[in-house]
file input-v5.csv (CSV, C-alpha atoms)
chain,number,residue,atom,x,y,z
G,1,MET,CA,0.0,0.0,0.0
G,2,ALA,CA,1.3,3.4,-0.9
G,3,ASP,CA,0.3,7.1,-0.4
G,4,VAL,CA,-0.6,8.2,-3.9
G,5,GLY,CA,-1.9,11.5,-5.2
G,6,PHE,CA,-4.0,12.0,-8.3
G,7,LEU,CA,-4.7,15.2,-10.1
G,8,GLY,CA,-7.3,15.5,-12.9
G,9,LEU,CA,-10.6,13.6,-12.6
G,10,GLY,CA,-11.9,13.7,-16.2
G,11,ILE,CA,-12.9,11.0,-18.6
G,12,MET,CA,-9.6,9.2,-18.1
G,13,GLY,CA,-8.6,10.4,-14.6
G,14,VAL,CA,-11.6,9.0,-12.7
G,15,PRO,CA,-11.2,5.3,-13.8
G,16,MET,CA,-7.4,5.5,-13.4
G,17,ALA,CA,-7.8,6.8,-9.9
G,18,GLN,CA,-10.4,4.1,-9.2
G,19,ARG,CA,-7.9,1.4,-10.3
G,20,LEU,CA,-5.3,2.7,-7.9
G,21,ILE,CA,-7.8,2.6,-5.1
G,22,GLY,CA,-8.9,-0.9,-6.1
G,23,ALA,CA,-5.2,-2.0,-5.8
G,24,GLY,CA,-5.3,-0.9,-2.2
G,25,HIS,CA,-3.5,2.4,-2.3
G,26,ARG,CA,-4.4,5.4,-0.2
G,27,LEU,CA,-5.3,8.3,-2.5
G,28,THR,CA,-5.4,12.1,-2.1
G,29,VAL,CA,-7.1,13.8,-5.1
G,30,TRP,CA,-7.5,17.2,-6.7
G,31,SER,CA,-9.3,18.5,-9.7
G,32,HIS,CA,-9.6,21.9,-11.5
G,33,THR,CA,-13.3,21.5,-10.8
G,34,ALA,CA,-13.5,21.4,-7.0
G,35,GLU,CA,-17.0,19.9,-6.9
G,36,LYS,CA,-15.8,17.0,-9.0
G,37,ALA,CA,-12.9,16.2,-6.7
G,38,ALA,CA,-15.1,16.5,-3.6
G,39,ARG,CA,-17.7,14.1,-5.1
G,40,PHE,CA,-15.0,11.6,-6.0
G,41,ALA,CA,-13.4,11.8,-2.5
G,42,ARG,CA,-16.8,11.3,-0.9
G,43,LEU,CA,-17.7,8.3,-3.1
G,44,HIS,CA,-14.4,6.6,-2.7
G,45,ASN,CA,-13.6,7.5,0.9
G,46,CYS,CA,-10.3,9.1,0.0
G,47,ALA,CA,-8.5,12.3,1.0
G,48,LEU,CA,-9.1,15.6,-0.8
G,49,GLY,CA,-6.4,18.3,-1.4
G,50,ASP,CA,-7.4,21.9,-1.7
G,51,THR,CA,-4.4,22.5,-4.0
G,52,PRO,CA,-1.9,20.4,-5.9
G,53,ALA,CA,0.7,21.3,-3.3
G,54,ASP,CA,-1.6,19.8,-0.6
G,55,VAL,CA,-1.8,16.6,-2.6
G,56,ALA,CA,2.0,16.5,-2.9
G,57,GLN,CA,2.5,17.0,0.8
G,58,ALA,CA,0.3,13.9,1.5
G,59,SER,CA,1.8,11.7,-1.2
G,60,GLN,CA,5.1,10.0,-2.1
G,61,THR,CA,4.0,9.5,-5.7
G,62,ILE,CA,1.6,11.8,-7.6
G,63,PHE,CA,0.0,11.1,-10.9
G,64,LEU,CA,-1.7,13.7,-13.0
G,65,CYS,CA,-3.8,13.5,-16.1
G,66,VAL,CA,-4.9,17.0,-17.3
G,67,GLY,CA,-5.9,18.5,-20.6
G,68,ASP,CA,-3.0,20.4,-22.1
G,69,SER,CA,0.6,21.8,-21.6
G,70,ALA,CA,-0.5,24.9,-19.8
G,71,MET,CA,-2.7,23.0,-17.4
G,72,SER,CA,0.2,20.5,-16.7
G,73,ARG,CA,2.7,23.3,-16.2
G,74,GLU,CA,0.4,25.1,-13.8
G,75,ALA,CA,-0.5,22.0,-11.8
G,76,ILE,CA,3.2,21.1,-11.4
G,77,LEU,CA,5.1,24.4,-11.3
G,78,GLY,CA,2.5,27.0,-10.4
G,79,GLU,CA,2.2,29.0,-7.3
G,80,GLU,CA,0.2,26.2,-5.7
G,81,GLY,CA,1.7,23.5,-7.8
G,82,LEU,CA,3.1,20.1,-6.9
G,83,ILE,CA,6.6,21.5,-6.7
G,84,LYS,CA,5.6,23.6,-3.7
G,85,GLY,CA,4.6,20.5,-1.6
G,86,ALA,CA,6.6,17.6,-3.0
G,87,GLY,CA,9.4,16.2,-0.8
G,88,ILE,CA,12.9,15.2,-1.8
G,89,ASP,CA,12.9,11.9,-3.8
G,90,SER,CA,9.1,12.0,-4.2
G,91,LEU,CA,7.9,11.1,-7.7
G,92,ILE,CA,5.6,13.0,-10.1
G,93,VAL,CA,4.2,11.1,-13.0
G,94,ASP,CA,2.5,13.1,-15.8
G,95,CYS,CA,0.1,11.0,-17.8
G,96,SER,CA,-1.1,14.0,-19.8
G,97,THR,CA,-0.5,14.3,-23.5
G,98,ILE,CA,1.5,17.6,-23.7
G,99,SER,CA,4.4,19.1,-25.5
G,100,PRO,CA,7.6,17.1,-25.1
G,101,THR,CA,9.5,20.3,-24.9
G,102,THR,CA,7.3,21.6,-22.1
G,103,SER,CA,7.7,18.3,-20.3
G,104,LYS,CA,11.5,18.4,-20.5
G,105,GLU,CA,11.4,21.9,-19.0
G,106,ILE,CA,9.2,20.6,-16.2
G,107,ALA,CA,11.6,17.7,-15.6
G,108,ALA,CA,14.6,20.1,-15.4
G,109,ARG,CA,12.9,22.3,-12.8
G,110,LEU,CA,11.9,19.3,-10.7
G,111,THR,CA,15.4,17.8,-10.9
G,112,GLU,CA,16.7,21.0,-9.3
G,113,LYS,CA,14.5,20.3,-6.4
G,114,ARG,CA,15.5,16.6,-6.2
G,115,ILE,CA,12.0,15.6,-7.2
G,116,ARG,CA,11.8,12.6,-9.6
G,117,PHE,CA,9.7,12.8,-12.7
G,118,LEU,CA,8.3,10.6,-15.5
G,119,ASP,CA,6.3,11.6,-18.5
G,120,ALA,CA,3.9,8.7,-19.0
G,121,PRO,CA,1.1,9.4,-21.5
G,122,CYS,CA,-1.3,6.6,-22.0
G,123,THR,CA,-3.6,5.2,-24.6
G,124,GLY,CA,-6.7,3.0,-24.5
G,125,SER,CA,-9.3,5.7,-23.9
G,126,LYS,CA,-12.0,5.4,-21.3
G,127,PRO,CA,-12.7,1.6,-21.8
G,128,GLY,CA,-9.0,0.9,-21.3
G,129,ALA,CA,-8.9,3.0,-18.2
G,130,GLU,CA,-11.9,1.3,-16.7
G,131,ALA,CA,-10.6,-2.2,-17.4
G,132,GLY,CA,-7.0,-1.4,-16.3
G,133,THR,CA,-5.7,-2.3,-19.8
G,134,LEU,CA,-4.1,1.1,-20.7
G,135,SER,CA,-0.8,1.3,-22.6
G,136,PHE,CA,1.8,3.6,-21.1
G,137,MET,CA,4.7,5.2,-23.0
G,138,VAL,CA,7.3,6.3,-20.4
G,139,GLY,CA,10.1,8.7,-20.5
G,140,GLY,CA,12.6,9.4,-17.7
G,141,GLU,CA,15.2,7.4,-15.7
G,142,ARG,CA,14.6,3.7,-16.2
G,143,ALA,CA,15.4,2.9,-12.5
G,144,VAL,CA,12.6,5.3,-11.5
G,145,PHE,CA,10.2,3.7,-13.9
G,146,GLU,CA,11.0,0.3,-12.6
G,147,GLN,CA,10.4,1.4,-9.0
G,148,ALA,CA,7.0,2.8,-10.0
G,149,ARG,CA,6.0,-0.3,-12.2
G,150,PRO,CA,3.6,-1.8,-9.6
G,151,LEU,CA,1.5,1.5,-9.7
G,152,PHE,CA,1.5,1.5,-13.5
G,153,GLU,CA,0.4,-2.1,-13.4
G,154,ALA,CA,-2.7,-1.2,-11.4
G,155,MET,CA,-3.8,0.9,-14.4
G,156,GLY,CA,-2.4,-0.7,-17.5
G,157,GLN,CA,-1.1,-3.9,-19.1
G,158,ALA,CA,1.4,-2.7,-21.7
G,159,LEU,CA,4.3,-0.6,-20.4
G,160,TYR,CA,6.8,0.8,-22.9
G,161,TYR,CA,10.0,2.4,-21.6
G,162,CYS,CA,10.9,4.9,-24.4
G,163,GLY,CA,14.1,6.6,-23.1
G,164,GLY,CA,14.9,9.8,-21.3
G,165,HIS,CA,12.6,12.7,-20.3
G,166,GLY,CA,10.2,13.6,-23.1
G,167,MET,CA,10.5,10.3,-25.0
G,168,GLY,CA,7.2,8.9,-23.8
G,169,LEU,CA,5.6,12.0,-25.2
G,170,HIS,CA,7.4,11.7,-28.5
G,171,ALA,CA,6.0,8.2,-28.8
G,172,LYS,CA,2.5,9.2,-27.8
G,173,VAL,CA,2.4,12.2,-30.2
G,174,THR,CA,3.5,9.8,-33.0
G,175,GLN,CA,0.8,7.3,-32.1
G,176,ASN,CA,-1.9,9.9,-32.1
G,177,LEU,CA,-0.6,11.4,-35.4
G,178,ILE,CA,-1.1,8.0,-37.1
G,179,LEU,CA,-4.5,7.5,-35.4
G,180,GLY,CA,-5.7,11.0,-36.5
G,181,ASN,CA,-4.7,10.3,-40.1
G,182,ILE,CA,-6.4,6.9,-40.1
G,183,ILE,CA,-9.6,8.5,-38.9
G,184,GLN,CA,-9.7,11.1,-41.6
G,185,ALA,CA,-8.9,8.5,-44.3
G,186,PHE,CA,-11.8,6.4,-43.1
G,187,ASN,CA,-14.1,9.3,-42.9
G,188,GLU,CA,-13.3,10.3,-46.5
G,189,GLY,CA,-13.5,6.7,-47.8
G,190,ILE,CA,-16.8,5.7,-46.2
G,191,VAL,CA,-18.6,9.0,-47.1
G,192,LEU,CA,-17.3,8.6,-50.7
G,193,SER,CA,-18.5,5.0,-51.0
G,194,THR,CA,-21.8,5.8,-49.4
G,195,LYS,CA,-22.5,8.7,-51.7
G,196,GLY,CA,-21.6,6.5,-54.6
G,197,GLY,CA,-24.2,4.0,-53.6
G,198,VAL,CA,-22.3,1.3,-51.7
G,199,ASP,CA,-24.1,0.1,-48.5
G,200,PRO,CA,-21.9,1.3,-45.6
G,201,GLN,CA,-22.1,-2.0,-43.8
G,202,VAL,CA,-20.8,-3.8,-46.9
G,203,MET,CA,-18.0,-1.3,-47.2
G,204,ILE,CA,-17.0,-1.8,-43.6
G,205,GLU,CA,-17.0,-5.6,-44.1
G,206,ILE,CA,-14.7,-5.1,-47.1
G,207,LEU,CA,-12.4,-2.9,-45.1
G,208,ASN,CA,-12.3,-5.4,-42.2
G,209,ASN,CA,-11.3,-8.2,-44.5
G,210,THR,CA,-8.7,-6.5,-46.8
G,211,GLY,CA,-5.4,-4.8,-46.6
G,212,ALA,CA,-7.2,-1.6,-45.5
G,213,ARG,CA,-8.2,-3.2,-42.2
G,214,SER,CA,-7.5,-1.1,-39.1
G,215,ALA,CA,-8.3,-1.5,-35.4
G,216,TYR,CA,-9.9,1.9,-35.5
G,217,VAL,CA,-12.4,0.9,-38.2
G,218,ALA,CA,-13.1,-2.5,-36.4
G,219,ALA,CA,-13.7,-0.7,-33.1
G,220,LYS,CA,-15.6,2.3,-34.2
G,221,ALA,CA,-17.7,1.4,-37.3
G,222,GLY,CA,-20.6,0.2,-35.2
G,223,PHE,CA,-20.8,3.4,-33.2
G,224,ILE,CA,-20.7,5.4,-36.4
G,225,LEU,CA,-23.6,3.4,-38.0
G,226,ARG,CA,-25.6,3.8,-34.8
G,227,GLY,CA,-24.8,7.5,-34.5
G,228,ASP,CA,-23.4,6.9,-31.0
G,229,PHE,CA,-20.8,9.6,-30.4
G,230,GLU,CA,-20.7,9.5,-26.6
G,231,PRO,CA,-17.0,10.6,-26.0
G,232,THR,CA,-14.3,8.2,-24.8
G,233,PHE,CA,-11.7,10.5,-26.5
G,234,SER,CA,-13.1,13.7,-27.9
G,235,VAL,CA,-12.5,15.4,-31.2
G,236,ARG,CA,-11.2,18.5,-29.5
G,237,TRP,CA,-8.5,16.6,-27.7
G,238,LEU,CA,-7.3,14.8,-30.8
G,239,GLU,CA,-7.1,18.1,-32.7
G,240,LYS,CA,-4.9,19.4,-29.8
G,241,ASP,CA,-2.7,16.3,-30.1
G,242,LEU,CA,-2.2,16.7,-33.8
G,243,GLY,CA,-1.2,20.3,-33.1
G,244,LEU,CA,1.4,18.9,-30.8
G,245,ALA,CA,2.7,16.6,-33.6
G,246,LEU,CA,3.0,19.6,-35.9
G,247,GLN,CA,4.8,21.5,-33.2
G,248,VAL,CA,7.3,18.6,-32.8
G,249,GLY,CA,7.6,18.4,-36.6
G,250,SER,CA,8.5,22.0,-36.8
G,251,GLU,CA,11.1,21.7,-34.0
G,252,LEU,CA,12.7,18.7,-35.6
G,253,GLY,CA,12.4,19.9,-39.2
G,254,VAL,CA,10.1,17.1,-40.3
G,255,PRO,CA,7.4,18.0,-42.8
G,256,LEU,CA,3.9,16.6,-41.8
G,257,PRO,CA,1.6,17.6,-44.7
G,258,THR,CA,-0.9,14.8,-44.2
G,259,THR,CA,-1.2,15.5,-40.4
G,260,ALA,CA,-1.7,19.2,-41.1
G,261,ALA,CA,-4.7,18.4,-43.4
G,262,SER,CA,-6.1,16.0,-40.8
G,263,GLN,CA,-5.9,18.6,-38.0
G,264,GLN,CA,-7.7,21.1,-40.2
G,265,GLN,CA,-10.5,18.5,-40.8
G,266,LEU,CA,-10.8,18.1,-37.0
G,267,ARG,CA,-10.8,21.8,-36.5
G,268,ALA,CA,-13.6,22.1,-39.0
G,269,ALA,CA,-15.6,19.5,-37.0
G,270,ILE,CA,-15.0,21.6,-33.9
G,271,ALA,CA,-16.1,24.8,-35.6
G,272,MET,CA,-19.3,22.9,-36.8
G,273,GLY,CA,-20.2,22.0,-33.2
G,274,TYR,CA,-18.8,18.5,-33.0
G,275,GLY,CA,-15.8,19.1,-30.7
G,276,GLN,CA,-17.3,17.3,-27.7
G,277,ASP,CA,-18.1,14.2,-29.7
G,278,ASP,CA,-16.1,11.1,-29.6
G,279,ILE,CA,-13.4,11.1,-32.3
G,280,CYS,CA,-15.5,8.9,-34.5
G,281,GLY,CA,-18.1,11.8,-34.5
G,282,SER,CA,-15.6,13.8,-36.6
G,283,ILE,CA,-17.3,12.1,-39.6
G,284,ARG,CA,-20.3,14.4,-39.2
G,285,ALA,CA,-18.4,17.4,-40.5
G,286,LEU,CA,-17.7,15.7,-43.8
G,287,GLU,CA,-21.2,14.2,-44.0
G,288,ASP,CA,-22.6,17.8,-43.7
G,289,ILE,CA,-20.3,19.1,-46.4
G,290,ALA,CA,-20.9,16.2,-48.8
G,291,ALA,CA,-24.7,16.1,-48.0
G,292,CYS,CA,-24.4,12.4,-47.4
G,293,HIS,CA,-25.1,10.6,-44.2
G,294,VAL,CA,-23.5,7.2,-43.4
G,295,ARG,CA,-25.4,6.7,-40.2
G,296,ARG,CA,-28.4,4.4,-40.1
G,297,ASP,CA,-30.4,6.7,-37.9
G,298,GLU,CA,-30.6,9.2,-40.8
G,299,ALA,CA,-31.0,8.8,-44.6
G,300,SER,CA,-28.3,6.2,-45.0
G,301,THR,CA,-27.3,7.1,-48.5
G,302,SER,CA,-27.0,10.2,-50.6
G,303,VAL,CA,-29.2,13.1,-49.6
call {"tool": "encode", "arguments": {"input": "input-v5.csv", "output": "structure tokens"}}
result
Amino acid sequence: MADVGFLGLGIMGVPMAQRLIGAGHRLTVWSHTAEKAARFARLHNCALGDTPADVAQASQTIFLCVGDSAMSREAILGEEGLIKGAGIDSLIVDCSTISPTTSKEIAARLTEKRIRFLDAPCTGSKPGAEAGTLSFMVGGERAVFEQARPLFEAMGQALYYCGGHGMGLHAKVTQNLILGNIIQAFNEGIVLSTKGGVDPQVMIEILNNTGARSAYVAAKAGFILRGDFEPTFSVRWLEKDLGLALQVGSELGVPLPTTAASQQQLRAAIAMGYGQDDICGSIRALEDIAACHVRRDEASTSV
């Protein structure tokens, strides 16, 4: 049993924190939304921190899963951040998907204070977090990662050590870059075939049994046909992550033209009101533009 802190109680954070509690650890929690943290603490009989610094004072290891680079920097390095309460040799594990450059800067500041740090973004969305089957991509000192392995194993099954600080995020940004491009390729293809008169279910069966097969299509096609866009990973967050990929590409001098186009498609979906949808809901933007609905709950062919 360990004293663990957890910051960020959103779609991913809640089930991740629940898995740590289920493994027998004592948790202290905090969220940007105070009511959300208070409700979680009440339901799960765990401690509540008024600030990230309070959580750090009560914990030897602190996980956080927040929305973007600015939120992560503030939660860790801000006036009431973890750095203000964390003890020497305590460990902060950032599971957020943020800029690798920002994460390296955070790591350097924490190292000055003799606070250990890992960047450990995860993938698997809400179902993976609930089932404890997340995949973690970890950057930092390997020895620190190995010491923290039992805590990771409470939340995930696949643990990938990627190298020094920031390397977990480089891997995660790459993974989401590929995912985002697959999504847009599927959206374009299924709308094109539907408007041309091919039954969407038939087209999906073709995709699932040819070289174009992808885990994304296999997992999400049914939700698209039902018009079920309840978010497990929302359009707005994937658009943010593709922006991170483009930032990294700029820093490293790597052109990413396909990713740039995919981000613009996601941004269009957000502008059209679909930003809170699950990522598969991004298809609605192209459906609207093409006047063709793939979903069975609407005119399932050309309009």
call {"tool": "closest_residue", "arguments": {"input": "input-v5.csv", "among": "G:Glu35, G:Glu74, G:Asp119, G:Glu251", "to": "Phe145 (chain G)", "atoms": "all atoms listed in the file"}}
result
G:Asp119
call {"tool": "atom_distance", "arguments": {"input": "input-v5.csv", "atom1": "CA of Ala271 (chain G)", "atom2": "CA of Glu287 (chain G)"}}
result
14.5 Å
call {"tool": "closest_residue", "arguments": {"input": "input-v5.csv", "among": "G:Met1, G:Val55, G:Ile62, G:Val235", "to": "Gly275 (chain G)", "atoms": "all atoms listed in the file"}}
result
G:Val235
call {"tool": "atom_distance", "arguments": {"input": "input-v5.csv", "atom1": "CA of Thr232 (chain G)", "atom2": "CA of Gly189 (chain G)"}}
result
23.1 Å
call {"tool": "closest_residue", "arguments": {"input": "input-v5.csv", "among": "G:Gly8, G:Gly132, G:Pro100, G:Pro257", "to": "Ser69 (chain G)", "atoms": "all atoms listed in the file"}}
result
G:Pro100
call {"tool": "closest_residue", "arguments": {"input": "input-v5.csv", "among": "G:Ala2, G:Leu225, G:Leu9, G:Ala285", "to": "Arg26 (chain G)", "atoms": "only C-alpha atoms"}}
result
G:Ala2
call {"tool": "closest_atom_pairs", "arguments": {"input": "input-v5.csv", "of": "region 143-179 of chain G", "to": "region 212-220 of chain G", "cutoff": "12 Å", "atoms": "all atoms listed in the file", "output": "tab-separated table"}}
result
residue	atom	partner	partner_atom	distance
G:Asn176	CA	G:Tyr216	CA	11.8
G:Ile178	CA	G:Tyr216	CA	10.8
G:Leu179	CA	G:Tyr216	CA	7.8
call {"tool": "atom_distance", "arguments": {"input": "input-v5.csv", "atom1": "CA of Ile190 (chain G)", "atom2": "CA of Arg236 (chain G)"}}
result
21.8 Å
call {"tool": "residues_around", "arguments": {"input": "input-v5.csv", "residues": "Gly87 (chain G)", "least_positions_apart": "6", "cutoff": "10 Å", "atoms": "only C-alpha atoms", "output": "ChimeraX atom specification"}}
result
/G:56-61,113-116
call {"tool": "closest_residue", "arguments": {"input": "input-v5.csv", "among": "G:Val202, G:Leu177, G:Val294, G:Leu169", "to": "Thr101 (chain G)", "atoms": "only C-alpha atoms"}}
result
G:Leu169
call {"tool": "closest_residue", "arguments": {"input": "input-v5.csv", "among": "G:Thr33, G:Ser135, G:Ser282, G:Thr97", "to": "Leu159 (chain G)", "atoms": "only C-alpha atoms"}}
result
G:Ser135
call {"tool": "residues_around", "arguments": {"input": "input-v5.csv", "residues": "Phe63 (chain G)", "least_positions_apart": "4", "cutoff": "7 Å", "atoms": "all atoms listed in the file", "output": "VMD selection string"}}
result
chain G and resid 5 to 7 92 to 95
call {"tool": "residues_around", "arguments": {"input": "input-v5.csv", "residues": "Pro121 (chain G)", "least_positions_apart": "6", "cutoff": "10 Å", "atoms": "all atoms listed in the file", "output": "PyMOL selection string"}}
result
chain G and resi 64-65+93-98+134-139+168-173
